[in-house]
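*Asks:* Take a look at the following structure, please.
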2 protein chains.
Amino acid sequence: MQAAREAGVGIESVCGGKGTCGKCKVVVEDGEETLSEATAAEMKLLTEDELAQGYRLACQARAIEDLAVMIPQESAALKQKIMLEKAETPVKAQPIAAEIALSVKPPDVRDVRSDFLRLREAFHLEKKPSKMALSVMRRMPAVLRKSHWKVKAMVYDGEEIIDVKCGERPSRLLGIALDVGTTSLGGYLVDLKTGKTLSAKSKLNPQVSYGDDIISRIQHAEKSEEGLEELRGAVMRGINEVVDELVRSSGVDSGDVYDAVVVGNTAMQHLFFGLSPANLARAPFVPVNQKSIRVKAYEAGLEINPEGYVQFLPQVAGFVGADVIGDVLAARIYESDKNEMLIDVGTNGEIVLGGGEDLVSASTAAGPAFEGAHIKCGMRAAPGAVESVSIDPETFEVTFHTVDDEKPLGICGSGLIEAVAEMLRAGIVHSSGRFNAENESSRFDAESMEFTIAREDETSTGKPVVISQNDIREVQLAKGALSAGISILMERKRVSKEDVNRIHLSGAFGNYINPESAMTIGLLPRVPLTKIRQIGHGAGIGARMALLSKDLRKKADEIADKIGYVELSIDPDFQEEFINALPFPSCKAISTPRKP
Amino acid sequence: MQAAREAGVGIESVCGGKGTCGKCKVVVEDGEETLSEATAAEMKLLTEDELAQGYRLACQARAIEDLAVMIPQESAALKQKIMLEKAETPVKAQPIAAEIALSVKPPDVRDVRSDFLRLREAFHLEKKPSKMALSVMRRMPAVLRKSHWKVKAMVYDGEEIIDVKCGERPSRLLGIALDVGTTSLGGYLVDLKTGKTLSAKSKLNPQVSYGDDIISRIQHAEKSEEGLEELRGAVMRGINEVVDELVRSSGVDSGDVYDAVVVGNTAMQHLFFGLSPANLARAPFVPVNQKSIRVKAYEAGLEINPEGYVQFLPQVAGFVGADVIGDVLAARIYESDKNEMLIDVGTNGEIVLGGGEDLVSASTAAGPAFEGAHIKCGMRAAPGAVESVSIDPETFEVTFHTVDDEKPLGICGSGLIEAVAEMLRAGIVHSSGRFNAENESSRFDAESMEFTIAREDETSTGKPVVISQNDIREVQLAKGALSAGISILMERKRVSKEDVNRIHLSGAFGNYINPESAMTIGLLPRVPLTKIRQIGHGAGIGARMALLSKDLRKKADEIADKIGYVELSIDPDFQEEFINALPFPSCKAISTPRKP
């Protein structure tokens, strides 16, 4: 695992190397005899067949000499299907960084003022920028003279001259919006002059090799002095790869990128800046800094123009982070005078309820199951993941679609929800969550308590894709947590589901799920389908909006200052609501016809 | 020369390696045959005897293989005798950096605000500091918890928290004042809580190996891309050695130094920050930035607390720099309602005339001769330099003193002025500057036109210390330039020498010269001796005053904004005044008795 991390080769690791998830299986092809012996964890998590075939867990087996290892398809950390749309944001380009053309008065014997003074004087502004970094000051005299005193100055926030360029050459003023997710990194390259999104790229957060979940990473950061720096380095490496792909694909120069807006949850914000997340993980869950943080790009290690700035939008509290602030901007619920509900299920599930500036938020540990963790055949929404399922209630025959139409490899969150909804409707599963043991379909194995979605002859691994009793329990726990969170926020604001104007679903999961299925399993409150709006990658859209608009960036700070937060883990009603939300809604109550 | 520079071994180099001054003589002890052949410059500047003994010029001889070289005493770059007094400055300690003890409210489940917010809240200030660098934020959470929420915050300018320390341990708040001279670096370590100067140290500016004068260094900076960085690196290395000596000698930690104020001329300011001095050296002599520049210590490369700040005081114009602003602060002429004259002769000679905020300044190339350049036996005021001379007008016998009472090695500026004054009084030299060829003293050689100050059997080199006709011409040129500058400023302000309230002499030279001798040769206008005040190391005193007082730092900016400047090199009256000032005043006019 360590060698793979160092080589930048992605291996799945849900538990972060504790030897409990069994996801990091690798096959030793050469040099097996030089490896450390199989540990108790490997004995438990690998079958006898697998052990005989040379399977080992990458986090357990210690390499003593050189050896050759094959990473089977099911263990390779695949790029998740995430939603990045270049769709334009409905925001007027009013960026913080501005390009200003200047005609500077050349010096003569009667006017020997410094280059900096004469550059400043050339601004026809009431308040002239007063700051200039040393690196810019070092280049300025030559640029002024080479361009015959006609230059373009890049000015940040009206205060600081962050670049001086030849005035006659065409120039770009670019920005980058980044969503630093626990699992995925998404980036957008934006032309700050026109407001146009030039490209969108994503990749897996390289931190996943230190654990799929936030807690594993926080533990790694605490383990040693280097741990935190390793995690910071890993995410920054991934981000800089995204930045590199963005600028290459658009044929532009990273030195023309002067501004970056970043969103992500509180833990990601801490790891992005190298701040210790230790106190986030233990009560009372205190962050180091929850306000928006703006630093020079070079300080953060972001490879854009080093004198440009990078600003991480503000956090709310707990794990409700800047990504949710991005969602609120994207859904524009801060403008609404009705009650809006926003749900973003990533690795965690975040909920916001309210309208205008009267908002309340909460975070639940809803996500991991929907990202494939703890699910027998679970996987992320990568190529080969079953993403949509339909079951004939008479014959129990299954039809499914996979991401990119590849042979099935596993099942992702949206597929899992649809499969469970379909099993409920077909009576394969009771509303209690238990399999109907009387089902006589060949797809149901009453002994192992598993229902087969894709048979072994249909899959790319030769192993069937199944839903186990335990998988259904995981879905119940996840939807119970999210549902309980929603109930508590509705109670807190004395809002019934009839009072909710819209439910905004954000993020990849929210956009790929079938809302009808989500209501069938009780993940979402049952409302008319017309009230549900899938807003796309809300965090990324909001980040782009804040990148483009000085006013919206200020608005983000205001929202974060005013938004309420309910810490569900210590809420007295949470356990009760959670237990009540574990059963699935009775299907008899469902009147909406199922989609074909 | 290059090898010596890289090894940090100081060799004299007035011309900066052009092969014109002949000061960098070295003796090759082993491996002479592997050296490049003697150049035309060496043939011209070395005697046949010297060539036979293995003398070479370090800037000319190229080493091809390893060899052993001896640096004779006369070529070793010696530490100059410079004036650093720990005398307290008459300023109330009101520093920009402040230490504030805080009692921070610990978090609990009902108050989960971030560490940063609760630290800010603990300030009982109307305007709470709002900024904190990442490096401090990274350390803060552990400090808060280890010190049980009782901390001391170091706050810069009321705005930024630059350090957080355990509240119970004693702590220091230190600052450093630096005078970056063309020849010497002087530093003071100051306790910002008490205002006391803890130590004072100086050393030779390592840039001297790139040339004694500013122009040689500017040429080196222009020669290649690395040239400027070499010079910046050299001066910063020297400064950091001074800083290291300051903190070691006081037994304190450099991390407790949070603020630094730097003075120096315009060229030194450019080289300190790595700004190109190219346009300073050619008409119309435009600096990159003449305002005060404040950056983080780590940006400048100054080895104090990296999050502390370093501020270079503002420049006036041309080569009139922040050192003169320091002089103005030290002499407090900005407070006077009379006409004050300030003269600081370093490598250049700077003059300020006026009172209050109505000041005018100029710079002349007066210095090099007084620092030993172009003077046959000239040297800096290092041990062995003849610094004071008396000549019996009857017998022409000479008595002299040397720095540190060592055997004579050469003559420094103050010795040269006194020698010339004594030769004038004794009639050895006419007021035209020519030797009286009829002098029959054994000390006078009518053929070589030299007067012997120290005979060869008295010196440490076995060579006599003499004053040549050319040396007297150099003194005339230097004093003529300074004197012409003074005249032009007096005309400009319509001030006669009777109107001058005081003449403040600043800097080592100004403090070591005999004012009577300086008036005798016409370097200073003849005024009653009681009007002359030797203020010590004015630039360093002023830097310490600005370090200690926020108000005086603002005052320095105001003075620099308002002070007038006369560019003598293009002044229409300068040539005329200069030629008129070349002869020495007639000694018959001198009524003051010579000192014994």
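Residue numbering restarts at 1 in every chain; chains get A, B, ... in the order shown in the structure tokens, and ligands count up from 1 in that same order.
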Name the residues of stretch 472-516 of chain B that come out as strand (DSSP E or B) in a backbone DSSP run; write them as a PyMOL selection string.

*Replies:* chain B and resi 500-506

*Asks:* Which polymer residues have any atom within 9 Å of an atom of B:Glu299, counting only C-alpha atoms, with same-chain residues fewer than 4 positions away left out, as an MDAnalysis selection string?

*Replies:* (chainID A and resid 134) or (chainID B and resid 273 295 306)

*Asks:* Write a file of the just-selected residues containing C-alpha atoms, as a CSV table (one decimal), in the first residue's frame.

*Replies:*
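As written to disk, out.csv reads:
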```csv
chain,number,residue,atom,x,y,z
A,134,LEU,CA,8.6,41.8,-4.4
B,273,PHE,CA,15.4,43.4,-2.1
B,295,VAL,CA,7.7,42.6,3.7
B,306,PRO,CA,10.0,34.3,9.6
```

*Asks:* Using only C-alpha atoms, what table do you get, as CSV, when you list each residue of chain B with an atom no more than 6 Å from chain A, its nearest pair of atoms, and their distance in Å rounded to one decimal, rows by chain then rising number?

*Replies:*
```
residue,atom,partner,partner_atom,distance
B:Asp108,CA,A:Pro284,CA,5.7
B:Val109,CA,A:Pro284,CA,4.9
B:Val112,CA,A:Val286,CA,5.3
B:Ser114,CA,A:Pro287,CA,4.7
B:Asp115,CA,A:Val288,CA,4.9
B:Phe116,CA,A:Asn289,CA,5.3
B:Arg138,CA,A:Leu275,CA,4.9
B:Leu275,CA,A:Arg138,CA,4.9
B:Pro284,CA,A:Val109,CA,4.9
B:Val286,CA,A:Val112,CA,5.3
B:Pro287,CA,A:Ser114,CA,4.7
B:Val288,CA,A:Asp115,CA,4.9
B:Asn289,CA,A:Ser114,CA,5.1
B:Gln290,CA,A:Ser114,CA,5.9
```

*Asks:* Do you know which residues are at most 9 Å from B:Arg172 counting only C-alpha atoms, after dropping those on the same chain fewer than 3 positions away, and could you put them as a PDB file with C-alpha atoms, in the first residue's frame?

*Replies:*
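Okay, this is what ended up in out29.pdb:
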```
ATOM      1  CA  GLU B  99       2.777  41.338  23.040  1.00  0.00           C
ATOM      2  CA  ASP B 191      14.351  45.065  23.487  1.00  0.00           C
ATOM      3  CA  LEU B 192      11.041  46.402  22.207  1.00  0.00           C
ATOM      4  CA  LYS B 193       9.429  46.180  25.642  1.00  0.00           C
ATOM      5  CA  VAL B 252      18.502  35.338  23.011  1.00  0.00           C
ATOM      6  CA  ASP B 253      16.681  33.473  20.263  1.00  0.00           C
ATOM      7  CA  ASP B 256      11.952  36.271  19.352  1.00  0.00           C
ATOM      8  CA  VAL B 257      12.942  39.023  16.920  1.00  0.00           C
TER       9      VAL B 257
END
```

*Asks:* Just want the 10 Å neighbourhood of B:Val242, counted on only C-alpha atoms, with same-chain residues fewer than 2 positions away dropped. Output as a ChimeraX atom specification.

*Replies:* /B:178,185-189,200-204,236-240,244-248

*Asks:* Where does DSSP see alpha helix (DSSP H) in stretch 331-516 of chain A, if you list the residues as a ChimeraX atom specification?

*Replies:* /A:331,367-370,413-425,469-492,507-512,515-516

*Asks:* Deliver the residues from the most recent selection as a file, using N, CA and C atoms, as a CSV table (one decimal), in the first residue's frame.

*Replies:*
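Below is the file that was written, result-v1.csv:
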```csv
chain,number,residue,atom,x,y,z
A,331,ALA,N,-28.1,26.9,-5.5
A,331,ALA,CA,-29.6,26.7,-5.5
A,331,ALA,C,-30.2,28.0,-5.3
A,367,GLY,N,-23.2,9.0,3.6
A,367,GLY,CA,-22.6,8.7,2.4
A,367,GLY,C,-21.9,7.4,2.1
A,368,PRO,N,-21.1,6.9,3.0
A,368,PRO,CA,-20.2,5.9,2.6
A,368,PRO,C,-20.9,4.7,1.9
A,369,ALA,N,-22.1,4.3,2.4
A,369,ALA,CA,-22.8,3.2,1.8
A,369,ALA,C,-23.1,3.5,0.3
A,370,PHE,N,-23.4,4.7,0.1
A,370,PHE,CA,-23.8,5.1,-1.3
A,370,PHE,C,-22.6,5.3,-2.2
A,413,GLY,N,-24.0,3.7,-5.8
A,413,GLY,CA,-25.1,4.2,-4.9
A,413,GLY,C,-26.5,4.3,-5.6
A,414,SER,N,-26.5,4.9,-6.8
A,414,SER,CA,-27.8,5.1,-7.4
A,414,SER,C,-28.4,3.8,-7.8
A,415,GLY,N,-27.5,2.8,-8.2
A,415,GLY,CA,-28.0,1.5,-8.6
A,415,GLY,C,-28.5,0.8,-7.3
A,416,LEU,N,-27.9,0.9,-6.2
A,416,LEU,CA,-28.2,0.3,-5.0
A,416,LEU,C,-29.6,0.8,-4.5
A,417,ILE,N,-29.8,2.1,-4.6
A,417,ILE,CA,-31.1,2.6,-4.2
A,417,ILE,C,-32.2,2.1,-5.0
A,418,GLU,N,-32.0,2.1,-6.3
A,418,GLU,CA,-33.0,1.7,-7.2
A,418,GLU,C,-33.3,0.2,-7.1
A,419,ALA,N,-32.2,-0.6,-6.8
A,419,ALA,CA,-32.4,-2.0,-6.6
A,419,ALA,C,-33.2,-2.3,-5.4
A,420,VAL,N,-32.9,-1.6,-4.3
A,420,VAL,CA,-33.7,-1.8,-3.0
A,420,VAL,C,-35.1,-1.3,-3.2
A,421,ALA,N,-35.3,-0.2,-3.9
A,421,ALA,CA,-36.7,0.3,-4.2
A,421,ALA,C,-37.4,-0.8,-5.0
A,422,GLU,N,-36.8,-1.3,-6.0
A,422,GLU,CA,-37.4,-2.3,-6.9
A,422,GLU,C,-37.7,-3.6,-6.1
A,423,MET,N,-36.8,-4.0,-5.2
A,423,MET,CA,-37.0,-5.2,-4.4
A,423,MET,C,-38.2,-5.0,-3.5
A,424,LEU,N,-38.3,-3.8,-3.0
A,424,LEU,CA,-39.5,-3.4,-2.1
A,424,LEU,C,-40.8,-3.5,-2.9
A,425,ARG,N,-40.8,-2.9,-4.1
A,425,ARG,CA,-42.0,-2.9,-4.9
A,425,ARG,C,-42.4,-4.3,-5.3
A,469,GLN,N,-28.3,-9.3,2.4
A,469,GLN,CA,-29.1,-8.8,3.6
A,469,GLN,C,-28.4,-7.7,4.3
A,470,ASN,N,-27.1,-7.9,4.4
A,470,ASN,CA,-26.3,-6.8,5.1
A,470,ASN,C,-26.3,-5.5,4.3
A,471,ASP,N,-26.3,-5.6,3.0
A,471,ASP,CA,-26.3,-4.4,2.1
A,471,ASP,C,-27.5,-3.6,2.4
A,472,ILE,N,-28.7,-4.4,2.5
A,472,ILE,CA,-29.9,-3.7,2.8
A,472,ILE,C,-29.9,-3.0,4.1
A,473,ARG,N,-29.3,-3.7,5.1
A,473,ARG,CA,-29.1,-3.1,6.4
A,473,ARG,C,-28.3,-1.8,6.3
A,474,GLU,N,-27.2,-1.8,5.5
A,474,GLU,CA,-26.4,-0.6,5.4
A,474,GLU,C,-27.2,0.5,4.7
A,475,VAL,N,-28.0,0.2,3.8
A,475,VAL,CA,-28.9,1.2,3.1
A,475,VAL,C,-29.8,1.8,4.2
A,476,GLN,N,-30.4,0.9,5.0
A,476,GLN,CA,-31.3,1.4,6.0
A,476,GLN,C,-30.6,2.3,7.0
A,477,LEU,N,-29.4,2.0,7.4
A,477,LEU,CA,-28.7,2.8,8.3
A,477,LEU,C,-28.4,4.2,7.7
A,478,ALA,N,-28.0,4.2,6.4
A,478,ALA,CA,-27.6,5.4,5.8
A,478,ALA,C,-28.9,6.3,5.6
A,479,LYS,N,-29.9,5.7,5.0
A,479,LYS,CA,-31.1,6.5,4.8
A,479,LYS,C,-31.8,6.9,6.1
A,480,GLY,N,-31.7,6.0,7.1
A,480,GLY,CA,-32.2,6.4,8.4
A,480,GLY,C,-31.5,7.6,9.0
A,481,ALA,N,-30.2,7.7,8.8
A,481,ALA,CA,-29.5,8.8,9.3
A,481,ALA,C,-29.9,10.1,8.6
A,482,LEU,N,-29.9,10.0,7.2
A,482,LEU,CA,-30.3,11.2,6.5
A,482,LEU,C,-31.7,11.6,6.8
A,483,SER,N,-32.6,10.7,6.8
A,483,SER,CA,-34.0,10.9,7.0
A,483,SER,C,-34.2,11.5,8.4
A,484,ALA,N,-33.5,11.0,9.4
A,484,ALA,CA,-33.6,11.5,10.8
A,484,ALA,C,-33.1,13.0,10.8
A,485,GLY,N,-32.0,13.2,10.1
A,485,GLY,CA,-31.5,14.6,10.0
A,485,GLY,C,-32.5,15.6,9.4
A,486,ILE,N,-33.2,15.1,8.3
A,486,ILE,CA,-34.2,15.9,7.7
A,486,ILE,C,-35.3,16.2,8.7
A,487,SER,N,-35.8,15.2,9.4
A,487,SER,CA,-36.9,15.3,10.3
A,487,SER,C,-36.5,16.3,11.4
A,488,ILE,N,-35.3,16.2,11.9
A,488,ILE,CA,-35.0,17.1,13.0
A,488,ILE,C,-34.9,18.6,12.5
A,489,LEU,N,-34.4,18.8,11.4
A,489,LEU,CA,-34.3,20.2,10.8
A,489,LEU,C,-35.7,20.7,10.6
A,490,MET,N,-36.6,19.8,10.1
A,490,MET,CA,-38.0,20.3,9.9
A,490,MET,C,-38.7,20.6,11.2
A,491,GLU,N,-38.4,19.8,12.2
A,491,GLU,CA,-39.0,20.1,13.5
A,491,GLU,C,-38.5,21.4,14.0
A,492,ARG,N,-37.1,21.5,13.9
A,492,ARG,CA,-36.5,22.7,14.4
A,492,ARG,C,-37.1,24.0,13.8
A,507,GLY,N,-24.9,17.4,-6.1
A,507,GLY,CA,-23.8,16.5,-6.1
A,507,GLY,C,-24.1,15.3,-7.1
A,508,ALA,N,-23.1,14.5,-7.3
A,508,ALA,CA,-23.2,13.4,-8.3
A,508,ALA,C,-24.3,12.5,-7.9
A,509,PHE,N,-24.3,12.1,-6.6
A,509,PHE,CA,-25.3,11.1,-6.1
A,509,PHE,C,-26.7,11.7,-6.3
A,510,GLY,N,-26.9,12.9,-5.9
A,510,GLY,CA,-28.2,13.6,-5.9
A,510,GLY,C,-28.7,13.7,-7.3
A,511,ASN,N,-27.8,13.7,-8.3
A,511,ASN,CA,-28.2,13.9,-9.7
A,511,ASN,C,-28.4,12.6,-10.4
A,512,TYR,N,-27.7,11.6,-9.9
A,512,TYR,CA,-27.9,10.3,-10.6
A,512,TYR,C,-29.0,9.4,-10.0
A,515,PRO,N,-35.2,10.0,-8.2
A,515,PRO,CA,-35.9,10.6,-7.0
A,515,PRO,C,-37.1,9.7,-6.6
A,516,GLU,N,-37.8,9.1,-7.5
A,516,GLU,CA,-38.9,8.3,-7.2
A,516,GLU,C,-38.4,7.1,-6.3
```

*Asks:* Work out how far apart atom CA of B:Gly16 and atom CA of B:Thr183 are and give it in Å to one decimal.

*Replies:*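 Result for atom CA of B:Gly16 versus atom CA of B:Thr183: 12.8 Å, one decimal.
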